[in-house]
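Data from work-v1.cif: mmCIF, C-alpha atoms
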```cif
data_work
#
loop_
_atom_site.label_atom_id
_atom_site.label_comp_id
_atom_site.auth_asym_id
_atom_site.auth_seq_id
_atom_site.Cartn_x
_atom_site.Cartn_y
_atom_site.Cartn_z
CA MET U 1 -83.29 59.19 59.03
CA TYR U 2 -79.97 57.68 60.14
CA ASP U 3 -76.48 58.41 58.85
CA TYR U 4 -73.93 55.60 58.96
CA VAL U 5 -71.07 58.08 59.12
CA ASP U 6 -68.19 55.61 58.84
CA GLY U 7 -69.80 54.27 55.67
CA LYS U 8 -69.05 51.45 53.31
CA LEU U 9 -65.32 51.52 54.03
CA ASP U 10 -65.95 50.69 57.69
CA TRP U 11 -68.38 47.91 56.77
CA LEU U 12 -66.04 46.23 54.29
CA ALA U 13 -62.99 46.69 56.51
CA ALA U 14 -64.81 44.79 59.25
CA GLY U 15 -65.11 41.83 56.88
CA LEU U 16 -68.91 41.91 56.87
CA PRO U 17 -70.88 40.48 53.95
CA SER U 18 -71.49 42.66 50.92
CA GLU U 19 -73.27 42.44 47.60
CA GLY U 20 -72.18 43.54 44.14
CA ARG U 21 -69.62 42.63 41.49
CA ASN U 22 -66.77 42.34 44.01
CA ALA U 23 -68.67 40.32 46.59
CA THR U 24 -67.29 36.98 45.42
CA ARG U 25 -63.76 38.17 44.58
CA ALA U 26 -60.92 37.20 46.90
CA ARG U 27 -59.86 39.83 49.40
CA ALA U 28 -56.79 40.31 51.59
CA GLY U 29 -58.57 39.11 54.72
CA ASP U 30 -59.45 35.80 53.05
CA ILE U 31 -55.88 34.52 52.91
CA ALA U 32 -53.96 36.67 55.40
CA ARG U 33 -52.23 34.35 57.88
CA PRO U 34 -53.41 35.11 61.43
CA ASP U 35 -50.80 32.74 62.86
CA VAL U 36 -47.87 35.00 61.95
CA PRO U 37 -45.53 35.37 64.94
CA THR U 38 -45.67 38.67 66.79
CA CYS U 39 -43.21 40.36 69.10
CA ARG U 40 -42.74 43.49 71.21
CA LEU U 41 -40.45 46.45 70.66
CA GLU U 42 -38.21 45.63 73.61
CA GLU U 43 -37.58 41.93 72.94
CA PRO U 44 -34.03 40.94 71.94
CA ILE U 45 -33.89 40.21 68.22
CA ARG U 46 -32.15 36.88 68.85
CA THR U 47 -35.10 35.58 70.90
CA VAL U 48 -37.55 36.67 68.24
CA ARG U 49 -35.47 35.14 65.45
CA GLU U 50 -35.38 31.79 67.25
CA ARG U 51 -39.09 31.87 68.01
CA ALA U 52 -40.02 32.71 64.41
CA ALA U 53 -37.73 30.01 63.02
CA ALA U 54 -39.15 27.40 65.39
CA ALA U 55 -42.61 28.24 64.10
CA GLY U 56 -41.42 27.97 60.48
CA TRP U 57 -41.62 31.68 59.71
CA ASP U 58 -39.15 34.15 58.21
CA ALA U 59 -41.18 37.15 59.33
CA CYS U 60 -42.55 38.61 62.56
CA VAL U 61 -44.92 41.51 63.13
CA VAL U 62 -44.09 43.99 65.89
CA VAL U 63 -47.20 44.94 67.87
CA ASN U 64 -48.18 46.67 71.09
CA ASP U 65 -50.51 45.39 73.82
CA GLU U 66 -53.56 46.15 71.65
CA ARG U 67 -52.05 44.30 68.66
CA VAL U 68 -51.58 47.58 66.81
CA VAL U 69 -48.83 47.12 64.23
CA LEU U 70 -45.69 49.14 65.00
CA GLY U 71 -43.22 47.52 62.67
CA LEU U 72 -42.26 44.49 60.66
CA LEU U 73 -39.33 42.09 60.71
CA ARG U 74 -38.87 40.43 57.36
CA ALA U 75 -36.15 37.83 56.76
CA GLU U 76 -33.55 40.55 56.23
CA GLU U 77 -34.22 42.21 59.59
CA LEU U 78 -34.54 38.91 61.44
CA ARG U 79 -30.95 38.13 60.49
CA LYS U 80 -29.61 41.34 62.05
CA GLY U 81 -28.08 41.53 65.53
CA HIS U 82 -28.30 39.51 68.72
CA GLU U 83 -29.26 41.21 71.95
CA GLU U 84 -30.44 44.48 70.39
CA PRO U 85 -34.10 45.25 70.97
CA VAL U 86 -36.45 44.64 68.05
CA GLU U 87 -37.10 48.38 67.83
CA ARG U 88 -33.53 48.95 66.62
CA VAL U 89 -33.74 46.64 63.62
CA MET U 90 -37.40 46.55 62.59
CA ARG U 91 -38.96 48.33 59.62
CA PRO U 92 -41.11 50.96 61.30
CA GLY U 93 -44.52 51.79 59.84
CA PRO U 94 -44.69 49.16 57.08
CA SER U 95 -47.27 49.46 54.29
CA THR U 96 -50.45 47.77 55.43
CA PHE U 97 -53.76 46.95 53.78
CA ARG U 98 -57.29 46.59 55.07
CA PRO U 99 -58.93 43.14 54.88
CA HIS U 100 -61.45 44.20 52.22
CA VAL U 101 -58.85 45.20 49.62
CA LEU U 102 -59.04 42.98 46.56
CA LEU U 103 -56.29 40.43 46.28
CA ASP U 104 -55.55 41.42 42.70
CA ASP U 105 -54.81 44.98 43.78
CA ILE U 106 -52.46 43.86 46.55
CA ALA U 107 -50.73 41.41 44.26
CA LYS U 108 -49.88 44.25 41.89
CA PHE U 109 -48.52 46.34 44.77
CA LEU U 110 -46.37 43.53 46.17
CA VAL U 111 -44.90 42.79 42.75
CA ALA U 112 -44.35 46.46 41.87
CA HIS U 113 -42.51 47.08 45.16
CA ASP U 114 -40.88 43.66 45.28
CA LEU U 115 -42.28 42.91 48.73
CA PRO U 116 -42.58 39.35 50.05
CA ASN U 117 -45.44 40.15 52.42
CA SER U 118 -47.55 42.87 53.95
CA PRO U 119 -49.49 43.09 57.24
CA ILE U 120 -53.27 43.24 56.99
CA THR U 121 -54.80 45.45 59.65
CA THR U 122 -58.16 46.78 60.72
CA SER U 123 -58.88 50.45 60.14
CA ASP U 124 -57.55 51.21 63.63
CA GLY U 125 -54.26 49.46 62.91
CA ARG U 126 -54.79 46.13 64.69
CA LEU U 127 -53.15 43.11 63.15
CA VAL U 128 -55.42 40.70 61.24
CA GLY U 129 -52.62 38.64 59.73
CA LEU U 130 -49.72 38.64 57.32
CA LEU U 131 -50.43 38.40 53.61
CA ARG U 132 -47.61 36.53 51.89
CA ARG U 133 -46.90 37.00 48.20
CA GLU U 134 -46.52 33.25 47.76
CA ASP U 135 -49.98 32.70 49.24
CA VAL U 136 -51.40 35.25 46.82
CA ALA U 137 -49.73 33.43 43.91
CA ASN U 138 -50.95 30.04 45.14
CA SER U 139 -54.49 31.34 45.53
CA LYS U 140 -54.55 32.12 41.81
CA THR U 141 -53.44 28.62 40.83
CA PRO U 142 -56.45 26.67 39.55
CA MET M 1 -81.02 66.30 60.75
CA PRO M 2 -79.98 62.64 60.37
CA GLN M 3 -78.85 60.82 63.50
CA ALA M 4 -75.25 59.57 63.33
CA ILE M 5 -74.95 55.84 63.93
CA ASP M 6 -72.21 53.24 63.97
CA ARG M 7 -71.84 49.74 62.52
CA LYS M 8 -73.60 48.01 65.39
CA ASP M 9 -76.59 50.33 65.01
CA VAL M 10 -76.62 49.57 61.29
CA GLN M 11 -76.80 45.83 61.93
CA ARG M 12 -79.59 46.31 64.45
CA LEU M 13 -81.60 48.60 62.16
CA MET M 14 -81.16 46.19 59.24
CA GLY M 15 -82.61 43.46 61.42
CA GLU M 16 -85.54 45.73 62.17
CA GLY M 17 -86.30 46.26 58.50
CA ALA M 18 -84.70 49.64 57.88
CA GLN M 19 -84.23 50.76 54.28
CA VAL M 20 -80.53 51.00 53.52
CA VAL M 21 -79.56 53.63 50.95
CA GLU M 22 -76.17 54.10 49.30
CA VAL M 23 -75.72 57.63 47.98
CA LEU M 24 -72.50 57.01 46.04
CA PRO M 25 -72.47 56.95 42.22
CA LYS M 26 -74.15 53.90 40.67
CA GLU M 27 -70.83 52.42 39.45
CA GLU M 28 -69.51 52.24 43.01
CA PHE M 29 -72.74 50.71 44.21
CA GLU M 30 -72.47 48.01 41.56
CA GLU M 31 -68.99 47.06 42.76
CA ASP M 32 -69.84 46.72 46.46
CA HIS M 33 -72.76 47.62 48.64
CA LEU M 34 -74.26 46.65 51.96
CA PRO M 35 -76.66 43.68 51.85
CA GLY M 36 -80.10 44.71 50.65
CA ALA M 37 -79.06 48.33 50.00
CA ILE M 38 -80.62 50.36 47.23
CA SER M 39 -78.79 52.89 45.11
CA LEU M 40 -79.92 56.51 45.31
CA PRO M 41 -76.97 58.62 44.19
CA LEU M 42 -76.88 62.06 45.78
CA ARG M 43 -77.76 63.73 42.49
CA SER M 44 -81.04 61.83 42.26
CA LEU M 45 -81.80 61.59 45.97
CA GLU M 46 -84.29 64.46 46.14
CA THR M 47 -86.21 63.50 43.01
CA GLU M 48 -86.33 59.72 43.53
CA ALA M 49 -86.47 59.26 47.29
CA LYS M 50 -90.21 59.83 47.64
CA ASP M 51 -90.99 57.26 44.93
CA ARG M 52 -88.59 54.58 46.07
CA LEU M 53 -88.63 54.79 49.86
CA ASP M 54 -91.35 53.71 52.23
CA PRO M 55 -92.04 56.64 54.57
CA ALA M 56 -93.29 54.24 57.23
CA ARG M 57 -89.91 52.51 57.65
CA PRO M 58 -86.64 53.92 58.99
CA VAL M 59 -84.10 55.05 56.39
CA LEU M 60 -80.37 54.60 56.81
CA VAL M 61 -78.00 56.35 54.40
CA TYR M 62 -74.29 55.87 53.87
CA CYS M 63 -71.47 56.88 51.55
CA TRP M 64 -67.84 55.73 51.44
CA ASP M 65 -66.47 57.02 54.76
CA ALA M 66 -66.66 59.86 57.24
CA ALA M 67 -64.42 62.20 55.22
#
```

Could you render the structure from this file as structure tokens?
Amino acid sequence: MYDYVDGKLDWLAAGLPSEGRNATRARAGDIARPDVPTCRLEEPIRTVRERAAAAGWDACVVVNDERVVLGLLRAEELRKGHEEPVERVMRPGPSTFRPHVLLDDIAKFLVAHDLPNSPITTSDGRLVGLLRREDVANSKTP
Amino acid sequence: MPQAIDRKDVQRLMGEGAQVVEVLPKEEFEEDHLPGAISLPLRSLETEAKDRLDPARPVLVYCWDAA
């Protein structure tokens, strides 16, 4: 007898196939954007702002060497400051979701909290991508 | 005493024909379960296991998480 101690949560969070009623429903990991710009705590905010804008983004996820999410720069934070390090202006510890969470559930959260986006991370906090509210809305358009 | 295993072990054992058993309530099983798993909620595990499981094949059980 074997005991898969980390259980179903670990399986789903890894994005592995599942069966059941929810198996065909859209999940956060399906539309999270892996190409979101990332930056480090010590980078000057001006550099990050320019890099994000050049890539067509108004957000940037702050990560460490292991891509663990440390903070988030949304449009509001990206506009702040010049040579200050990212750490001074970022939103520390933003709300994150695991890739298996149903899109409908995240959509409700984003609307209820009036958030434009939310990082999607693995169970150990590593960045999968940024889920944008507009992408969630577009995914529901027939 | 069951042997604790991780996700990689689960994938290997599945490939070797292990029986995968979810012990959560039936409603949770119906929402999501591992491929090929069968539902044996904890309450019915003792009474149903011997009828539904093949004693000749390995058995792998799981619930929601390690908590």

Enumerate as a tab-separated table (two decimals) with C-alpha atoms, in the frame of the given file the residues belonging to chain M that approach chain U to within 9 Å, with all atoms listed in the file taken into account.
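out_0.tsv was written with the following content:
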```tsv
chain	number	residue	atom	x	y	z
M	1	MET	CA	-81.02	66.30	60.75
M	2	PRO	CA	-79.98	62.64	60.37
M	3	GLN	CA	-78.85	60.82	63.50
M	4	ALA	CA	-75.25	59.57	63.33
M	5	ILE	CA	-74.95	55.84	63.93
M	6	ASP	CA	-72.21	53.24	63.97
M	7	ARG	CA	-71.84	49.74	62.52
M	9	ASP	CA	-76.59	50.33	65.01
M	10	VAL	CA	-76.62	49.57	61.29
M	22	GLU	CA	-76.17	54.10	49.30
M	29	PHE	CA	-72.74	50.71	44.21
M	30	GLU	CA	-72.47	48.01	41.56
M	31	GLU	CA	-68.99	47.06	42.76
M	32	ASP	CA	-69.84	46.72	46.46
M	33	HIS	CA	-72.76	47.62	48.64
M	34	LEU	CA	-74.26	46.65	51.96
M	35	PRO	CA	-76.66	43.68	51.85
M	36	GLY	CA	-80.10	44.71	50.65
M	37	ALA	CA	-79.06	48.33	50.00
M	58	PRO	CA	-86.64	53.92	58.99
M	59	VAL	CA	-84.10	55.05	56.39
M	60	LEU	CA	-80.37	54.60	56.81
M	61	VAL	CA	-78.00	56.35	54.40
M	62	TYR	CA	-74.29	55.87	53.87
M	63	CYS	CA	-71.47	56.88	51.55
M	64	TRP	CA	-67.84	55.73	51.44
M	65	ASP	CA	-66.47	57.02	54.76
M	66	ALA	CA	-66.66	59.86	57.24
M	67	ALA	CA	-64.42	62.20	55.22
```

Excluding Glu77 (chain U) and any residue of its chain fewer than 6 positions from it, enumerate the residues within 8 Å of it, using only C-alpha atoms, and give them as a list in words.
->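 Result of the neighbour search: Val89, Met90 and Arg91 of chain U.
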
Let me know the residues the PyMOL selection byres ((chain U and resi 109-118) around 6) catches in the file above, as a list in words.
->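 Here the PyMOL selection byres ((chain U and resi 109-118) around 6) matches Thr96, Ile106, Ala107, Lys108, Pro119, Leu130, Leu131, Arg132 and Arg133 of chain U.
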
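Our summary of the geometry notes that CA of Arg51 (chain U) is positioned 26.4 Å from CA of Ala137 (chain U).
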
Edge lengths and centre in Å to one decimal, as JSON, of the axis-aligned box that encloses all listed atoms of region 12-24 of chain M with 6 Å added on every side?
```
{"center_x": -79.4, "center_y": 50.5, "center_z": 55.2, "size_x": 25.8, "size_y": 26.2, "size_z": 30.4}
```

CA of Ala18 (chain M) to CA of Lys50 (chain M), straight-line distance in Å = 15.5 Å

Would you mind putting back N, CA and C atoms on region 34-65 of chain U, then writing it out as a tab-separated table (two decimals), keeping the file's coordinate frame?
```
chain	number	residue	atom	x	y	z
U	34	PRO	N	-53.31	34.57	60.07
U	34	PRO	CA	-53.41	35.11	61.43
U	34	PRO	C	-52.39	34.52	62.40
U	35	ASP	N	-51.75	33.41	61.96
U	35	ASP	CA	-50.80	32.74	62.86
U	35	ASP	C	-49.39	33.29	62.76
U	36	VAL	N	-49.21	34.41	62.05
U	36	VAL	CA	-47.87	35.00	61.95
U	36	VAL	C	-47.35	35.33	63.36
U	37	PRO	N	-46.07	35.03	63.62
U	37	PRO	CA	-45.53	35.37	64.94
U	37	PRO	C	-45.55	36.88	65.17
U	38	THR	N	-45.73	37.25	66.43
U	38	THR	CA	-45.67	38.67	66.79
U	38	THR	C	-44.63	38.85	67.90
U	39	CYS	N	-44.17	40.06	68.03
U	39	CYS	CA	-43.21	40.36	69.10
U	39	CYS	C	-43.40	41.79	69.56
U	40	ARG	N	-42.66	42.14	70.63
U	40	ARG	CA	-42.74	43.49	71.21
U	40	ARG	C	-41.47	44.26	70.89
U	41	LEU	N	-41.58	45.56	70.99
U	41	LEU	CA	-40.45	46.45	70.66
U	41	LEU	C	-39.19	46.12	71.45
U	42	GLU	N	-39.37	45.74	72.74
U	42	GLU	CA	-38.21	45.63	73.61
U	42	GLU	C	-37.56	44.25	73.62
U	43	GLU	N	-38.15	43.29	72.93
U	43	GLU	CA	-37.58	41.93	72.94
U	43	GLU	C	-36.25	41.89	72.20
U	44	PRO	N	-35.30	41.08	72.68
U	44	PRO	CA	-34.03	40.94	71.94
U	44	PRO	C	-34.29	40.25	70.59
U	45	ILE	N	-33.66	40.74	69.56
U	45	ILE	CA	-33.89	40.21	68.22
U	45	ILE	C	-33.55	38.71	68.13
U	46	ARG	N	-32.53	38.29	68.89
U	46	ARG	CA	-32.15	36.88	68.85
U	46	ARG	C	-33.30	35.98	69.30
U	47	THR	N	-33.96	36.37	70.38
U	47	THR	CA	-35.10	35.58	70.90
U	47	THR	C	-36.21	35.50	69.86
U	48	VAL	N	-36.47	36.62	69.23
U	48	VAL	CA	-37.55	36.67	68.24
U	48	VAL	C	-37.19	35.82	67.02
U	49	ARG	N	-35.93	35.92	66.60
U	49	ARG	CA	-35.47	35.14	65.45
U	49	ARG	C	-35.67	33.64	65.72
U	50	GLU	N	-35.26	33.22	66.91
U	50	GLU	CA	-35.38	31.79	67.25
U	50	GLU	C	-36.85	31.35	67.31
U	51	ARG	N	-37.67	32.22	67.88
U	51	ARG	CA	-39.09	31.87	68.01
U	51	ARG	C	-39.75	31.77	66.63
U	52	ALA	N	-39.43	32.72	65.75
U	52	ALA	CA	-40.02	32.71	64.41
U	52	ALA	C	-39.56	31.47	63.65
U	53	ALA	N	-38.26	31.17	63.74
U	53	ALA	CA	-37.73	30.01	63.02
U	53	ALA	C	-38.37	28.72	63.52
U	54	ALA	N	-38.54	28.61	64.83
U	54	ALA	CA	-39.15	27.40	65.39
U	54	ALA	C	-40.57	27.21	64.90
U	55	ALA	N	-41.23	28.31	64.59
U	55	ALA	CA	-42.61	28.24	64.10
U	55	ALA	C	-42.66	28.14	62.57
U	56	GLY	N	-41.46	28.11	61.93
U	56	GLY	CA	-41.42	27.97	60.48
U	56	GLY	C	-41.66	29.26	59.72
U	57	TRP	N	-41.38	30.39	60.35
U	57	TRP	CA	-41.62	31.68	59.71
U	57	TRP	C	-40.30	32.43	59.48
U	58	ASP	N	-40.28	33.24	58.42
U	58	ASP	CA	-39.15	34.15	58.21
U	58	ASP	C	-39.63	35.60	58.30
U	59	ALA	N	-40.65	35.81	59.11
U	59	ALA	CA	-41.18	37.15	59.33
U	59	ALA	C	-41.83	37.21	60.71
U	60	CYS	N	-41.91	38.41	61.25
U	60	CYS	CA	-42.55	38.61	62.56
U	60	CYS	C	-43.09	40.04	62.58
U	61	VAL	N	-44.31	40.19	63.09
U	61	VAL	CA	-44.92	41.51	63.13
U	61	VAL	C	-44.76	42.09	64.54
U	62	VAL	N	-44.29	43.32	64.60
U	62	VAL	CA	-44.09	43.99	65.89
U	62	VAL	C	-45.38	44.71	66.27
U	63	VAL	N	-45.91	44.37	67.44
U	63	VAL	CA	-47.20	44.94	67.87
U	63	VAL	C	-47.10	45.46	69.31
U	64	ASN	N	-48.09	46.25	69.69
U	64	ASN	CA	-48.18	46.67	71.09
U	64	ASN	C	-49.22	45.81	71.82
U	65	ASP	N	-49.58	46.20	73.02
U	65	ASP	CA	-50.51	45.39	73.82
U	65	ASP	C	-51.88	45.25	73.17
```
